[in-house]
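Chemist: One structure follows; several queries about it will come next.
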Amino acid sequence: MAASRLRMSPGLEALVIPTGALAAALVLFGVFVLLLGHSPIEVYRLIWEGGFASSFAWQNTLSRAAPLILAALCVALPARAGLMVIGGEGALVLGGLSAAVIGHAMAGLWPLGVQLAMAAGAVVMGGLWVMAAGALRQYRGINETLSSLLLTYIAIALFNHLVEGPLRDPASLNKPSTAPIGEASMIGTLPGMDVHWGLAFGVVCCLALHLLVERTPWGFALRIVGGNARAARLAGLPVARLMLAACFLGGGAAGLAGMVEVAAVHGSANASLMAGYGYAGILVAFIARQNALAIVPVSILLGGLAASGGMLQRRLDLPDATVLVLQGMAFLLILASETLYGRLRARPRAEATA
Amino acid sequence: MNDPGWMGVLIAVLGGALRVSTPFLFVSLGECITEKSGRINLGLEGILVMGAMAGYGIAYLSGNPWLGVLAAGGAGLLLGLLHGVICNLQRVNDIAVGIGLMLFGLGFAFFLGKPFVQPKAPNLPSLPLGAWSDSPQIQAALQVSPLFLIGLALALLLAWAFRHTRWGLVLRIVGDSADAARAMGYRVDLVRTLATGAGGFLAGVGGSFLSLHYPGSWSEGLSSGQGLMAVALVIFARWNPVHCFYAALLFGGASSLGPALQSVGITSGYYLFNAAPYVLTLAIMMTTCSPRRTLAGAPGELSIVR
C-alpha cells in the first residue's frame with residue numbers, strides 16, 4: 001500500500017520535486033542565517049511579507065516577474081527545437097534600445113500606435129539577434145550556446161556604444177540614456193492593479209507559445225526536431241526553418257522584455273536595462289523544465305524573492321545580497337533535483353519486489 | 001612613430017595587456033582544464049568574484065596578500081567541486097548549473113564581502129621589469145605582477161603536462177571519450193570533478209588578482225565579466241594552454257585599447273574595441289567550423305561543440 005501511494009505520476013513529480021528542492025533550499029538558508037545570528041523564522045516571515053503579503057509586495061513582485069517570464073521564453077522555445085540558447089540578455093538590451101529609438105522618433109503620435117511599433121521593433125530586433133545564433137548553427141555548424149553568448153557581449157558593447165555615443169540624449173548627464181519616449185507613450189498599469197501591462201504581455205506570450213508548441217502541427221514538427229533532428233530531416237520536415245523560427249520567436253520574447261522595461265519602467269534605454277534578466281531567465285526556463293506554462297509561476301516566485309531583498313535590508317540590516325544567496329541556493333538545489341525525475345517511482349517498485 | 005602620443009598609446013596598451021590579461025589567463029587556464037575533461041563550467045564568473053572577495057578579506061585580516069591568494073584559490077576550489085559534484089548527478093545540465101553557480105557565487109561574495117568594501121588590504125608586490133628604462137611610462141607599463149609570471153609558467157607547464165604525463169593523458173581520454181575511459185577502468189566522474197575543482201582553484205586565484213593587485217580594492221562592480229569571457233577565450237585558444245596565454249594578452253590588450261585611445265583624445269568607439277575579441281572569436285569559428293566538422297582540438301565529450 002505504501003508502494004502504491006509513493007508511486008508518482010510525472011505530473012505530480014514535476015510539482016513535488018521542485019517544491020521539495022525549494023523547501024530544502026529554504027532550510028539550508030535558514031541554517032545559514034541562524035549561523036549569522038538571525039532568527040530563520042523572522043527571515044522567512046520578512047521574505048513572505050516583502051514578496052507576497054501585501055498588495056504593494058505583489059505589485060513589486062509581479063513587476064519583476066514580467067521581464068523574467070519573457071526572457072525565460074528565449075531559452076524555453078529554442079530548447080523545444082533542441083537548441084540551447086543563452087543569449088537572451090543580448091536580445092533584451094537591443095530590443096529595449098530599438099523600442100526606445102522608435103518611441104522617441106514617433107513621440108506625440110497616437111500612443112497605442114507608438115506602443116505597437118515599439119513592441120514590433122523590439123520583437124524583430126531581438127528575434128533577428130537570436131536567429132543569427134540559430135543560423136550560425138544551421139549553416140556553419142557553430143554551437144548555438146557559444147555563439148549566443150558571444151553575440152550577447154557584442155550586443156552589450158553595441159548598446160553601450162550607441163547609448164553613450166550617437167544615440168545619447170545630451171540632457172542625460174549622470175546616467176547616459178537615449179532620449180525619453182515621452183510620458184504619453186509609456187505603457188500604463190493593468191486595470192484594477194498597480195502592475196504594468198508587461199505582466200499581461202508575458203502571460204499571453206506564454207499561453208500563446210504553449211498552445212503553438214503543444215497543440216499545433218507546427219509545434220509537433222518543432223518537438224520532433226528537438227527530439228531527433230536527423231529523424232525529422234528524414235521525415236522531410238523543414239528542420240532549418242523550424243529551428244530558425246523557434247529562435248526568432250524566443251529572441252522576440254526577450255526583445256519584448258526589453259521593450260517592456262523601457263516603455264513601462266525606465267522611459268528610455270540606459271544601463272538599467274542590463275539588470276541580468278536575460279541570465280536569470282535561463283534559470284527560470286530550466287526550473288520550469290522548458291515548459292511555457294510553468295514559466296509564469298516560477299518567474300513570480302523568483303520575482304517575489306528579489307522583491308523581498310529591500311525588506312530584509314531595512315528590518316534586519318542584512319545586506320541586500322541576502323536574497324541572492326537564497327536564490328543561488330534554490331537554483332543549485334532545483335537544478336540538482338533534476339536527477340530525481342523517474343527515480344521516485346523506481347524506488348517503491350524495488351521495495352515491492354523485495 | 002615619432003609622435004609621443006601614439007607611442008604612449010602603444011605603451012599603455014602593452015601595459016594594459018600585461019595587467020588585464022592576468023585574470024583572463026588564470027580563468028582561461030582553469031576553464032581549459034575543466035573543458036579538457038569534457039565538462040563546461042559557466043560559473044567561473046561567480047568563482048572569480050568569490051575569489052576576489054575571499055582573497056581581499058583574508059589578505060586584510062591576515063595582513064599577508066599571498067595568504068589571500070591561497071584563500072581565493074581555496075574558495076574557488078570549493079565552488080568548482082560543488083559544480084563538479086552536482087554535474088555528476090544524472091540528467092543534470094552542466095550549462096544551467098554553471099549559470100546557477102555564477103549567481104550563487106556573486107550573491108555569496110556580495111553578501112560576505114560587505115564588511116570589506118571600506119578597509120584597505122595589503123596589495124601584492126609588483127616586479128619593476130621596466131627599471132632599465134628612463135621613461136616613467138614604460139616603467140609604469142612594466143610593473144608586472146608576479147601572478148602574471150606564475151600564470152605564464154603554469155600555461156607552459158599545463159601544455160607539457162597535457163601531452164607528457166599520465167594525468168594529462170587520463171584527462172584527455174575522459175574528455176574525448178567517456179566510453180573509452182570507462183573501458184580502461186578510469187572513473188570518469190571523479191576525474192571530471194577534480195578537473196572542475198582545479199579549474200575553480202585557478203579561477204579563484206585569478207579573482208584575487210582583481211582585488212589584490214595595485215591599486216587593489218574590493219567592490220561589487222569589480223569584475224566586468226572576465227569570468228564569462230574566459231569561456232570564449234578558451235575556444236579562441238582551441239583548448240591549448242599556451243594559446244590561452246596569447247589569447248589572454250590579446251583580450252587584455254583589446255580591452256585596454258579604448259582607455260588608451262581615450263588618453264590621447266580619441267573617445268569614440270570605446271565600447272566597440274571591447275567587442276573586438278568576441279567578433280574575432282566568432283569570425284574564427286565561422287571560418288573554421290562547418291556543419292560537417294567541429295572545431296579542431298575540441299574535446300570530444302564537450303556538450304558545447306557536439
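Scheme for the C-alpha cells: letters A, B, ... for chains in order shown; per-chain residue numbers from 1; ligand numbers from 1 in order shown.
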Using only C-alpha atoms, select each residue of chain B with any atom at most 7 Å away from an atom of chain A, and give the selection as number ranges by chain.
Modeler: B: 86, 89-92, 96-97, 100-101, 103-104, 107-108, 110-111, 269, 271-272, 274-275, 278, 282, 285-286, 289-291, 304-305
Chemist: Would you save the residues from that selection as a short mmCIF file (atom, residue, chain, number, x, y, z; two decimals), in the first residue's frame, using C-alpha atoms?
Modeler:
```cif
data_model
loop_
_atom_site.label_atom_id
_atom_site.label_comp_id
_atom_site.auth_asym_id
_atom_site.auth_seq_id
_atom_site.Cartn_x
_atom_site.Cartn_y
_atom_site.Cartn_z
CA ILE B 86 26.23 18.46 -8.89
CA LEU B 89 24.21 13.54 -10.98
CA GLN B 90 22.41 12.04 -13.90
CA ARG B 91 20.50 14.29 -16.30
CA VAL B 92 21.79 17.49 -14.73
CA ALA B 96 22.46 25.53 -16.38
CA VAL B 97 24.35 24.55 -13.22
CA GLY B 100 23.28 28.86 -11.22
CA LEU B 101 26.76 28.73 -9.72
CA LEU B 103 24.57 33.73 -9.47
CA PHE B 104 25.27 31.83 -6.27
CA GLY B 107 25.42 36.58 -4.26
CA PHE B 108 27.61 34.88 -1.70
CA PHE B 110 28.47 40.30 -2.24
CA PHE B 111 26.94 39.07 0.99
CA GLY B 269 34.38 53.61 -30.32
CA TYR B 271 32.98 50.12 -26.34
CA LEU B 272 33.44 48.78 -29.82
CA ASN B 274 35.76 45.86 -26.08
CA ALA B 275 33.68 43.88 -28.52
CA TYR B 278 34.20 38.49 -29.44
CA LEU B 282 33.02 34.48 -33.79
CA MET B 285 34.61 29.98 -35.53
CA MET B 286 32.79 30.93 -38.72
CA CYS B 289 33.58 25.34 -38.45
CA SER B 290 31.25 23.72 -40.89
CA PRO B 291 28.14 21.61 -40.42
CA ILE B 304 29.03 22.76 -26.46
CA VAL B 305 30.90 21.51 -29.50
#
```
Chemist: Report as a PyMOL selection string all protein, DNA and RNA residues lying within 8 Å of segment 253-267 of chain B, evaluated on only C-alpha atoms, omitting residues in the same chain fewer than 4 positions from it.
Modeler: chain B and resi 5-6+9+12-14+16-18+20-21+249+271+273-274+276-277
Chemist: If you run DSSP on this backbone, which residues of segment 156-246 of chain A come out as alpha helix (DSSP H), and could you give them as number ranges by chain?
Modeler: A: 156-164, 198-215, 217-227, 229-234, 239-246
Chemist: Residues within 9 Å of segment 31-46 of chain A, please, as a PyMOL selection string. Count only C-alpha atoms; anything in the same chain fewer than 6 positions from it doesn't count.
Modeler: chain A and resi 308+311-312+315-316
Chemist: For the residues selected in the previous step, produce a file with N, CA and C atoms as a PDB file, in the first residue's frame.
Modeler:
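Written out: part_15.pdb:
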```pdb
ATOM      1  N   SER A 308      11.772  40.872  -2.028  1.00  0.00           N
ATOM      2  CA  SER A 308      11.845  40.910  -0.571  1.00  0.00           C
ATOM      3  C   SER A 308      13.217  41.362  -0.070  1.00  0.00           C
ATOM      4  N   MET A 311      13.201  44.536   2.057  1.00  0.00           N
ATOM      5  CA  MET A 311      12.602  44.341   3.376  1.00  0.00           C
ATOM      6  C   MET A 311      13.624  43.784   4.368  1.00  0.00           C
ATOM      7  N   LEU A 312      14.404  42.762   3.909  1.00  0.00           N
ATOM      8  CA  LEU A 312      15.419  42.176   4.786  1.00  0.00           C
ATOM      9  C   LEU A 312      16.458  43.223   5.168  1.00  0.00           C
ATOM     10  N   ARG A 315      14.703  45.834   7.714  1.00  0.00           N
ATOM     11  CA  ARG A 315      14.280  45.365   9.029  1.00  0.00           C
ATOM     12  C   ARG A 315      15.409  44.713   9.818  1.00  0.00           C
ATOM     13  N   LEU A 316      16.246  43.928   9.141  1.00  0.00           N
ATOM     14  CA  LEU A 316      17.249  43.156   9.889  1.00  0.00           C
ATOM     15  C   LEU A 316      18.661  43.650   9.636  1.00  0.00           C
TER      16      LEU A 316
END
```
Chemist: Running DSSP on the backbone, which parts of segment 95-172 of chain B land in strand (DSSP E or B), as a PDB file with C-alpha atoms, in the first residue's frame?
Modeler:
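The file below, part_29.pdb, is the result:
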```
ATOM      1  CA  LEU B 127      58.026  43.402 -10.159  1.00  0.00           C
ATOM      2  CA  PRO B 128      59.545  46.528 -11.745  1.00  0.00           C
ATOM      3  CA  GLN B 143      55.054  46.906 -13.357  1.00  0.00           C
ATOM      4  CA  VAL B 144      54.313  43.215 -13.734  1.00  0.00           C
TER       5      VAL B 144
END
```
Chemist: Write out as number ranges by chain which residues come within 8 Å of Arg192 of chain B when counting only C-alpha atoms, dropping same-chain ones fewer than 4 positions away.
Modeler: B: 34, 37-39, 84, 171, 174, 188, 196
Chemist: Taking C-alpha atoms for each residue, export the selection above as a PDB file, in the first residue's frame.
Modeler:
```
ATOM      1  CA  THR B  34      37.744  21.729 -16.902  1.00  0.00           C
ATOM      2  CA  SER B  37      37.786  16.725 -19.076  1.00  0.00           C
ATOM      3  CA  GLY B  38      34.636  17.106 -21.150  1.00  0.00           C
ATOM      4  CA  ARG B  39      32.658  19.457 -18.963  1.00  0.00           C
ATOM      5  CA  GLY B  84      31.593  19.016 -10.330  1.00  0.00           C
ATOM      6  CA  LEU B 171      42.238  13.886 -18.513  1.00  0.00           C
ATOM      7  CA  VAL B 174      37.989  11.283 -20.238  1.00  0.00           C
ATOM      8  CA  VAL B 188      35.086   9.465 -15.401  1.00  0.00           C
ATOM      9  CA  THR B 196      36.398  21.240 -12.324  1.00  0.00           C
TER      10      THR B 196
END
```
Chemist: Tell me, as JSON, numbers by chain, which residues lie within 9 Å of Ser223 of chain B, counting only C-alpha atoms; anything in the same chain fewer than 5 positions away does not count.
Modeler: {"B": [45, 48, 49, 52, 207, 210]}
Chemist: Based on the selection just made, write N, CA and C atoms of those residues as a PDB file, in the first residue's frame.
Modeler:
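Saved to selection.pdb:
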```pdb
ATOM      1  N   GLU B  45      32.522  33.102 -13.566  1.00  0.00           N
ATOM      2  CA  GLU B  45      32.336  34.498 -13.181  1.00  0.00           C
ATOM      3  C   GLU B  45      32.058  34.598 -11.676  1.00  0.00           C
ATOM      4  N   LEU B  48      35.262  33.718  -9.831  1.00  0.00           N
ATOM      5  CA  LEU B  48      36.220  34.820  -9.918  1.00  0.00           C
ATOM      6  C   LEU B  48      35.913  35.884  -8.863  1.00  0.00           C
ATOM      7  N   VAL B  49      34.647  36.276  -8.779  1.00  0.00           N
ATOM      8  CA  VAL B  49      34.272  37.328  -7.836  1.00  0.00           C
ATOM      9  C   VAL B  49      34.394  36.816  -6.405  1.00  0.00           C
ATOM     10  N   ALA B  52      37.971  36.973  -5.594  1.00  0.00           N
ATOM     11  CA  ALA B  52      38.387  38.351  -5.332  1.00  0.00           C
ATOM     12  C   ALA B  52      38.009  38.753  -3.910  1.00  0.00           C
ATOM     13  N   GLY B 207      40.750  35.687  -9.565  1.00  0.00           N
ATOM     14  CA  GLY B 207      39.935  36.699  -8.897  1.00  0.00           C
ATOM     15  C   GLY B 207      40.735  37.492  -7.884  1.00  0.00           C
ATOM     16  N   LEU B 210      42.350  40.539  -9.164  1.00  0.00           N
ATOM     17  CA  LEU B 210      41.489  41.713  -9.354  1.00  0.00           C
ATOM     18  C   LEU B 210      41.446  42.593  -8.115  1.00  0.00           C
TER      19      LEU B 210
END
```
Chemist: So what do you get for atom CA of Ile58 of chain B versus atom CA of Arg314 of chain A, distance-wise?
Modeler: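 Distance reported for this atom pair: 28.4 Å.
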Chemist: Could you list, as a PyMOL selection string, every residue within 12 Å of Ile47 of chain B, counting only C-alpha atoms and ignoring same-chain residues fewer than 4 positions away?
Modeler: chain B and resi 23+26-27+30-31+41-43+51-55+72-83+98-109+196-208+223+225-228
Chemist: For the selection just defined, write its residues with C-alpha atoms to a file, as a compact mmCIF listing (two decimals), in the first residue's frame.
Modeler:
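So the final result, stored in selection.txt, reads:
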```txt
# COMPACT_ATOMS: atom_id res chain seq x y z
CA PRO B 23 42.82 37.32 -14.52
CA PHE B 26 44.13 32.19 -14.81
CA VAL B 27 40.42 31.87 -15.50
CA GLY B 30 41.19 26.84 -15.25
CA GLU B 31 38.42 26.57 -17.81
CA ASN B 41 31.74 25.44 -16.17
CA LEU B 42 29.93 28.68 -16.98
CA GLY B 43 30.06 29.63 -13.31
CA GLY B 51 37.96 34.59 -5.20
CA ALA B 52 38.39 38.35 -5.33
CA MET B 53 36.32 38.74 -2.17
CA ALA B 54 37.90 35.86 -0.26
CA GLY B 55 41.40 36.93 -1.29
CA ALA B 72 40.94 32.78 -3.09
CA GLY B 73 42.15 29.56 -4.67
CA GLY B 74 40.59 27.57 -1.84
CA ALA B 75 37.24 29.31 -2.23
CA GLY B 76 37.41 28.66 -5.97
CA LEU B 77 38.28 25.02 -5.37
CA LEU B 78 35.21 24.54 -3.18
CA LEU B 79 32.87 26.16 -5.68
CA GLY B 80 34.45 24.19 -8.52
CA LEU B 81 34.00 20.94 -6.62
CA LEU B 82 30.39 21.90 -5.93
CA HIS B 83 29.82 22.30 -9.66
CA GLY B 98 27.13 26.89 -14.34
CA ILE B 99 24.73 29.83 -14.59
CA GLY B 100 23.28 28.86 -11.22
CA LEU B 101 26.76 28.73 -9.72
CA MET B 102 27.56 32.13 -11.21
CA LEU B 103 24.57 33.73 -9.47
CA PHE B 104 25.27 31.83 -6.27
CA GLY B 105 28.94 32.87 -6.23
CA LEU B 106 28.09 36.50 -6.95
CA GLY B 107 25.42 36.58 -4.26
CA PHE B 108 27.61 34.88 -1.70
CA ALA B 109 30.58 37.13 -2.44
CA THR B 196 36.40 21.24 -12.32
CA GLY B 197 37.81 21.75 -8.82
CA ALA B 198 41.26 22.53 -10.23
CA GLY B 199 39.66 24.91 -12.72
CA GLY B 200 37.85 26.60 -9.85
CA PHE B 201 41.10 26.96 -7.91
CA LEU B 202 42.77 28.78 -10.79
CA ALA B 203 39.72 30.98 -11.40
CA GLY B 204 39.74 31.91 -7.72
CA VAL B 205 43.42 32.86 -7.93
CA GLY B 206 42.58 34.96 -11.00
CA GLY B 207 39.93 36.70 -8.90
CA SER B 208 42.44 37.52 -6.16
CA SER B 223 34.64 42.13 -12.44
CA GLY B 225 32.56 39.81 -16.91
CA GLN B 226 36.07 38.36 -17.23
CA GLY B 227 34.84 35.02 -15.92
CA LEU B 228 32.23 34.63 -18.61
```
Chemist: Could you give me, as a JSON list (two decimals) with N, CA and C atoms, in the first residue's frame, the residues within 7 Å of segment 147-153 of chain B, counting only C-alpha atoms and dropping anything in the same chain fewer than 5 positions from it?
Modeler:
```json
[["chain", "number", "residue", "atom", "x", "y", "z"],
["B", 22, "THR", "N", 46.09, 39.10, -16.79],
["B", 22, "THR", "CA", 46.36, 38.13, -15.72],
["B", 22, "THR", "C", 45.11, 37.39, -15.25],
["B", 25, "LEU", "N", 44.04, 35.10, -17.92],
["B", 25, "LEU", "CA", 44.95, 33.95, -18.07],
["B", 25, "LEU", "C", 44.58, 32.85, -17.09],
["B", 26, "PHE", "N", 44.43, 33.22, -15.82],
["B", 26, "PHE", "CA", 44.13, 32.19, -14.81],
["B", 26, "PHE", "C", 42.76, 31.57, -15.05],
["B", 245, "PHE", "N", 47.45, 31.73, -23.21],
["B", 245, "PHE", "CA", 48.30, 32.85, -22.80],
["B", 245, "PHE", "C", 48.27, 33.96, -23.85]]
```
Chemist: Measure the distance from atom CA of Leu169 of chain B to atom CA of Ala195 of chain B in Å and round it to one decimal.
Modeler: 12.8 Å
Chemist: Counting only C-alpha atoms, which residue out of A:Ala81, A:Ala208, A:Leu22, A:Ile102 sits closest to Ala253 of chain A?
Modeler: A:Ala208
